[in-house]
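Enquirer: Right, I'll just put the structure down here and ask away after.
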Amino acid sequence: MSSPRVLVIGPASKVGVHLVEQLVAQGISPRVAVRRPEAESRDGPVPVRFDFTDPATFAEAVDEVDAIFVMWPPGAGAVRRSVIPLLEVARERGVRRVVFLSVFGAGTLSFLPHAQVERWLESSGLEHVILRAGYFMQNLSTMHRRDIALHSEVFIPAGRGHLGLVDTRDVAAIALKALLEPGHERVYELTGGESLDFYEVAAIFSAVLGEPIVYRAPSFASFIRRWRGREISAGMLAFMTLEYAFTRLDRSGGLTADVERVLGRPPLTLRRFVDDHRERWSEAYQLSR
Ligand SMILES: NC(=O)c1ccc[n+]([C@@H]2O[C@H](COP(=O)([O-])OP(=O)(O)OC[C@H]3O[C@@H](n4cnc5c(N)ncnc54)[C@H](OP(=O)(O)O)[C@@H]3O)[C@@H](O)[C@H]2O)c1
């Protein structure tokens, strides 16, 4: 049987980048939906021009595709004007299966944009798998890397709130299965195997790197002040601050067994994640970016 034709939205995102790698390793070259196809490497998967803020790009992206991995970039506008219209076009054009990257808590926090997409999918008639993922370890190697590399500190306004941090390599491995195999459940709740607060996160960094990394637990005001000087949209900063406000309430630290159930092995640990990305925590790496 021929492989399904797969489209990946957000191929450079924290999950997308690993999903593309894992698809290619299986011999499947996905189509990748990017805002600037001209900037993509010629040796990589075939890019198609796609922008959530430009509905004219939707039809070509989903044409002759069987299955799509979809995520919603918080800066890309309301889901009713971005993700949902894309899914409507996908359904019209014969896409059969959608794997949607949602967020842990979307099952109860019905006001979240992700929950709106979930509700649309449930009544869409499309085959779908919803991945409600917990806090990504990769936030630490991207957005928060600079504070760790240059100041030896974790600077996140989450107080003593706990999170079931998950490695996006695991989320991508489950997205891959959900795209390629029949018979998956409609919803998976994806966490790592440990519920940690950021004091414990910093302690794991210190132990693995052999140098002190301190958790500062800043106030929201000092967090926003520090981030104002960085390249981030106001919408994204507001979304991030809101997420950490929830974390502070300490209701987001629950763990599930779904990663192990689907992958047949325990989730990757934070210790392993820090060790695998050692070069990223160095000042030299940060300054070279
Ligand atoms: N971060 C977490 O801990 C976490 C946990 C669970 C769920 N989630 C959810 O996962 C989703 C993705 O978050 P993330 O942190 O993984 O994002 P991310 O790594 O920042 O990636 C965002 C991606 O969206 C693309 N993009 C941005 N604006 C676009 C537009 N207008 N049209 C098309 N593509 C666009 C970006 O492309 P460029 O490369 O061109 O900028 C990038 O590939 C969000 O809905 C978030 O709520 C996140």
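Naming works like this for the structure tokens: A, B, ... for the chains as they're shown, residue 1 at the start of each chain, ligands 1 onward in shown order.
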Taking only C-alpha atoms and all ligand atoms into account, list the residues no farther than 8 Å from ligand 1, as a PyMOL selection string.
Expert: chain A and resi 9-16+33-36+50-54+71-77+101-104+114+132-139
Enquirer: Do you know which residues are at most 10 Å from Arg97 (chain A) counting only C-alpha atoms, after dropping those on the same chain fewer than 4 positions away, and could you put them as a count of residues only?
Expert: 17
Enquirer: Find the spatial neighbours of Tyr215 (chain A), counting only C-alpha atoms, within a cut-off of 7 Å - ignore same-chain residues fewer than 6 positions away - and output them as a ChimeraX atom specification.
Expert: /A:153-155,198-199,202
Enquirer: Next, write the just-selected residues to a file, as an mmCIF file, in the first residue's frame, keeping N, CA and C atoms as the atom set.
Expert:
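File out31.cif, as written:
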data_model
loop_
_atom_site.group_PDB
_atom_site.id
_atom_site.type_symbol
_atom_site.label_atom_id
_atom_site.label_comp_id
_atom_site.auth_asym_id
_atom_site.auth_seq_id
_atom_site.Cartn_x
_atom_site.Cartn_y
_atom_site.Cartn_z
ATOM 1 N N GLU A 153 20.179 31.183 35.011
ATOM 2 C CA GLU A 153 18.928 31.215 35.788
ATOM 3 C C GLU A 153 17.737 30.819 34.920
ATOM 4 N N VAL A 154 16.761 30.231 35.597
ATOM 5 C CA VAL A 154 15.461 29.970 34.959
ATOM 6 C C VAL A 154 14.580 31.138 35.387
ATOM 7 N N PHE A 155 14.106 31.922 34.407
ATOM 8 C CA PHE A 155 13.398 33.172 34.714
ATOM 9 C C PHE A 155 11.961 33.052 34.194
ATOM 10 N N PHE A 198 9.625 24.640 39.065
ATOM 11 C CA PHE A 198 10.845 25.137 38.415
ATOM 12 C C PHE A 198 12.050 25.150 39.352
ATOM 13 N N TYR A 199 11.822 25.029 40.666
ATOM 14 C CA TYR A 199 12.974 24.834 41.575
ATOM 15 C C TYR A 199 13.592 23.465 41.258
ATOM 16 N N ALA A 202 15.383 23.562 37.873
ATOM 17 C CA ALA A 202 16.719 24.180 37.980
ATOM 18 C C ALA A 202 17.704 23.225 38.650
#
Enquirer: Need to verify the contact set: Arg271 (chain A), 7 Å, only C-alpha atoms, exclusion of same-chain residues closer than 4 positions in sequence. Can you return it as a list of chain:residue names?
Expert: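 Answer for this query is A:Ile204, A:Val208, A:Asp275.
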Enquirer: Using only C-alpha atoms for the distances, tell me which of A:Pro157, A:Pro85, A:Gly44, A:Pro4 is nearest to Ser219 (chain A).
Expert: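 For Ser219 (chain A), the nearest of the given residues is A:Pro157.
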Enquirer: Between A:Ala172, A:Asp250, A:Arg31, A:Ala25, which has the minimum distance to Phe100 (chain A) (counting only C-alpha atoms)?
Expert: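 For Phe100 (chain A), the nearest of the given residues is A:Ala172.
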